[in-house]
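Structure first, commentary second.
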Amino acid sequence: MSTVVDERPGLAPVPAPQRRRRPRPRRDRAGYLFLLPWFAGMLFTVIPFFASLYLAFTDYNLLNPPAWIGLDNFTEMFRDPVWRQSLKVTFVYTFVSVPLSLAAALGVAMLLNRGVRGLPLYRAVFYLPSLLGGSVAVVLLWKYVFGLNGIVNAFLGWFGIDGPGWTSDPDFALVTLIVLHVWTFGSPMVIFLAGLRQIPAMYYEAAAMDGAGRWRRFRSITLPLLSPIVFFNLIQSLISSFQTFTQGYVMSGGAGGPANSTMFYNLYLYQQGFGQFHMGYASAMAWMLLVIIAAFTGLNFLMARFWVHYDN
């Protein structure tokens with residue numbers, strides 16, 4: 001190690017600054033070793049990924065070899081009235097249920113953030129529906145609750161109201177599934193609660209001393225500082241809602257009824273691919289869904305610069 005000698009009397013030699021050495025490849029071997037299972041698993045997804053892209057441009061029914069037909073699957077898709085209905089149902093479900101679910105999650109998180117006794121218990125109780133909301137058992141239970149002779153109509157009967165068959169009426173079937181989605185707000189609620197705990201209390205104290213009310217503190221402090229968490233939950237909920245399948249399948253018995261009112265996009269994709277064996281058409285639908293999700297995700301990232309505020 002070289003040293004720099006100071007000629008002034010009484011001063012010891014000062015070591016010269018050393019250059020940083022690049023990390024040795026040997027140190028990276030452990031990291032690559034832990035990544036090997038992921039790389040191995042990726043091989044099982046990359047091949048089907050590109051295979052489905054090829055099948056999207058073919059006529060393939062699992063029985064005969066795929067025949068190249070170009071863009072015919074995509075042109076047929078836009079002429080298909082059931083495909084358009086499935087897209088409409090998915091859009092309505094997503095753009096109604098996601099804001100309501102996030103609003104409910106944020107509201108409950110703010111209530112729990114006020115120092116409620118038994119917080120771990122309440123947190124677990126509110127989080128539990130998000131674990132079970134997509135299960136077959138819960139959807140069957142929901143179908144019973146909103147059935148013609150279910151709990152909801154029994155409750156309305158106490159007030160002399162004859163409720164409809166919520167799950168068998170085309171005007172209300174999708175509404176019941178939206179309510180089910182809103183009920184499963186536990187996962188974003190826990191994330192909101194963690195974000196609220198990170199906001200310094202001195203901001204609220206200073207705002208209160210300046211005369212700011214609750215709404216003003218929420219709009220000027222809570223929302224801006226929580227906006228990255230809101231953005232994260234929005235993207236996660238948006239992608240998850242576009243991929244909804246189990247709720248519509250179980251509620252309608254796989255038919256998307258009544259009158260295609262619960263014909264979600266993924267449910268119609270399943271019918272085409274595994275019901276009618278139109279695998280080429282189903283692959284084209286899957287890639288169109290990927291484009292739709294990517295478009296809305298990219299749009300949210302573009303709009304985020306106007307309302308998402310980070311520390312820097």
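We name chains A, B, ... following the order of the structure tokens; residues begin at 1 in each chain, and ligands are numbered from 1 as shown.
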
- as a count of residues only, which residues of region 60-155 of chain A does DSSP assign to alpha helix (DSSP H)? 69

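Within 9 Å of region 61-70 of chain A, once only C-alpha atoms are used and residues closer than 3 positions along the same chain are dropped, the contacting residues are Tyr54, Leu55, Ala56, Phe57, Thr58, Asn73, Phe74, Gly273, Gln276, Phe277, His278, Met279 and Gly280 of chain A.
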
- Neighbours of Leu193 (chain A) within 12 Å (only C-alpha atoms; same-chain residues fewer than 6 positions away dropped), as an MDAnalysis selection string? chainID A and resid 105:115 119:120 122:123 126:127 186:187 199 222 226 229:230

Would you put the residues from that selection into a file with C-alpha atoms, as a PDB file, in the first residue's frame?
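Writing the result to part.pdb gives the following:
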```pdb
ATOM      1  CA  ALA A 105     -59.669  -0.439   2.139  1.00  0.00           C
ATOM      2  CA  LEU A 106     -58.358   3.080   2.769  1.00  0.00           C
ATOM      3  CA  GLY A 107     -61.319   3.992   4.987  1.00  0.00           C
ATOM      4  CA  VAL A 108     -60.940   0.925   7.200  1.00  0.00           C
ATOM      5  CA  ALA A 109     -57.164   1.386   7.338  1.00  0.00           C
ATOM      6  CA  MET A 110     -57.596   4.948   8.565  1.00  0.00           C
ATOM      7  CA  LEU A 111     -60.007   3.775  11.261  1.00  0.00           C
ATOM      8  CA  LEU A 112     -57.596   1.088  12.438  1.00  0.00           C
ATOM      9  CA  ASN A 113     -54.723   3.577  12.354  1.00  0.00           C
ATOM     10  CA  ARG A 114     -56.346   5.640  15.099  1.00  0.00           C
ATOM     11  CA  GLY A 115     -55.056   3.292  17.780  1.00  0.00           C
ATOM     12  CA  LEU A 119     -55.533  -4.125  16.288  1.00  0.00           C
ATOM     13  CA  PRO A 120     -53.987  -7.502  15.317  1.00  0.00           C
ATOM     14  CA  TYR A 122     -59.240  -6.602  13.588  1.00  0.00           C
ATOM     15  CA  ARG A 123     -56.481  -6.687  11.001  1.00  0.00           C
ATOM     16  CA  PHE A 126     -60.585  -7.778   7.721  1.00  0.00           C
ATOM     17  CA  TYR A 127     -57.773  -9.529   5.868  1.00  0.00           C
ATOM     18  CA  GLY A 186     -58.273  -6.922   3.126  1.00  0.00           C
ATOM     19  CA  SER A 187     -55.044  -7.117   1.132  1.00  0.00           C
ATOM     20  CA  ILE A 199     -46.504   9.215   7.917  1.00  0.00           C
ATOM     21  CA  THR A 222     -52.539  11.811   3.881  1.00  0.00           C
ATOM     22  CA  LEU A 226     -49.853   7.859   0.605  1.00  0.00           C
ATOM     23  CA  ILE A 229     -49.214   3.133  -1.927  1.00  0.00           C
ATOM     24  CA  VAL A 230     -52.461   4.060  -3.681  1.00  0.00           C
TER      25      VAL A 230
END
```

Residues of region 111-165 of chain A at most 12 Å from region 233-248 of chain A: nearest atom pair and distance in Å, only C-alpha atoms, as CSV:
```
residue,atom,partner,partner_atom,distance
A:Ser130,CA,A:Ser237,CA,11.7
A:Leu132,CA,A:Gln247,CA,11.5
A:Gly133,CA,A:Gln247,CA,8.6
A:Gly134,CA,A:Thr246,CA,6.4
A:Ser135,CA,A:Thr246,CA,7.3
A:Val136,CA,A:Thr246,CA,7.0
A:Ala137,CA,A:Gln247,CA,10.4
A:Val138,CA,A:Gln247,CA,9.2
A:Val139,CA,A:Gln247,CA,6.1
A:Leu140,CA,A:Gln247,CA,9.0
A:Leu141,CA,A:Gln247,CA,11.3
A:Trp142,CA,A:Gln247,CA,9.7
A:Lys143,CA,A:Gln247,CA,9.9
```

Generate a file of the selected residues that holds C-alpha atoms, formatted as a PDB file, in the first residue's frame.
```pdb
ATOM      1  CA  SER A 130     -59.207 -11.381   0.719  1.00  0.00           C
ATOM      2  CA  LEU A 132     -61.070 -16.602   0.619  1.00  0.00           C
ATOM      3  CA  GLY A 133     -62.841 -14.249  -1.793  1.00  0.00           C
ATOM      4  CA  GLY A 134     -61.738 -16.080  -4.935  1.00  0.00           C
ATOM      5  CA  SER A 135     -62.384 -19.568  -3.599  1.00  0.00           C
ATOM      6  CA  VAL A 136     -65.187 -21.765  -4.848  1.00  0.00           C
ATOM      7  CA  ALA A 137     -66.672 -22.199  -1.356  1.00  0.00           C
ATOM      8  CA  VAL A 138     -67.037 -18.451  -0.764  1.00  0.00           C
ATOM      9  CA  VAL A 139     -68.604 -17.860  -4.195  1.00  0.00           C
ATOM     10  CA  LEU A 140     -71.112 -20.645  -3.503  1.00  0.00           C
ATOM     11  CA  LEU A 141     -71.846 -19.059  -0.141  1.00  0.00           C
ATOM     12  CA  TRP A 142     -72.304 -15.705  -1.857  1.00  0.00           C
ATOM     13  CA  LYS A 143     -74.683 -17.313  -4.338  1.00  0.00           C
TER      14      LYS A 143
END
```

- Item | Spatial neighbours of Val182 (chain A), 9 Å, only C-alpha atoms, chain gap at least 6 places, as a count of residues only | 8

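Closest approach to Val82 (chain A) from the set A:Trp215, A:Phe264, A:Phe301, A:Tyr310 is made by A:Phe264, with distances taken over only C-alpha atoms.
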
- Message: Show me, as a list in words, the residues that have an atom within 10 Å of His309 (chain A) when counting only C-alpha atoms, minus same-chain residues fewer than 5 positions from it.
- Response: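 Residues near the query, excluding close chain neighbours: Leu223, Pro224, Leu225, Leu226, Ser227, Pro228 and Ala304 of chain A.
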
- Given only C-alpha atoms as the counted atoms, nearest of A:Leu53, A:Trp38, A:Asp28, A:Val179 to Met285 (chain A):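 Of the candidates, the smallest distance to Met285 (chain A) is held by A:Leu53.
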
- Between CA of Ser168 (chain A) and CA of Gly147 (chain A), what is the spacing in Å?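 Answer for the CA of Gly147 (chain A) to CA of Ser168 (chain A) separation: 7.7 Å.
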
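Here the question is which of A:Asn300, A:Leu36, A:Asp171, A:Trp166 gets nearest to Phe232 (chain A) using only C-alpha atoms, and that residue is A:Asn300.
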
- Task: Using only C-alpha atoms, pick whichever of A:Thr167, A:Ser283, A:Ser220, A:Thr45 has the shortest atom-to-atom distance to Leu269 (chain A).
- Result: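 Smallest separation from Leu269 (chain A) among the options: A:Ser283.
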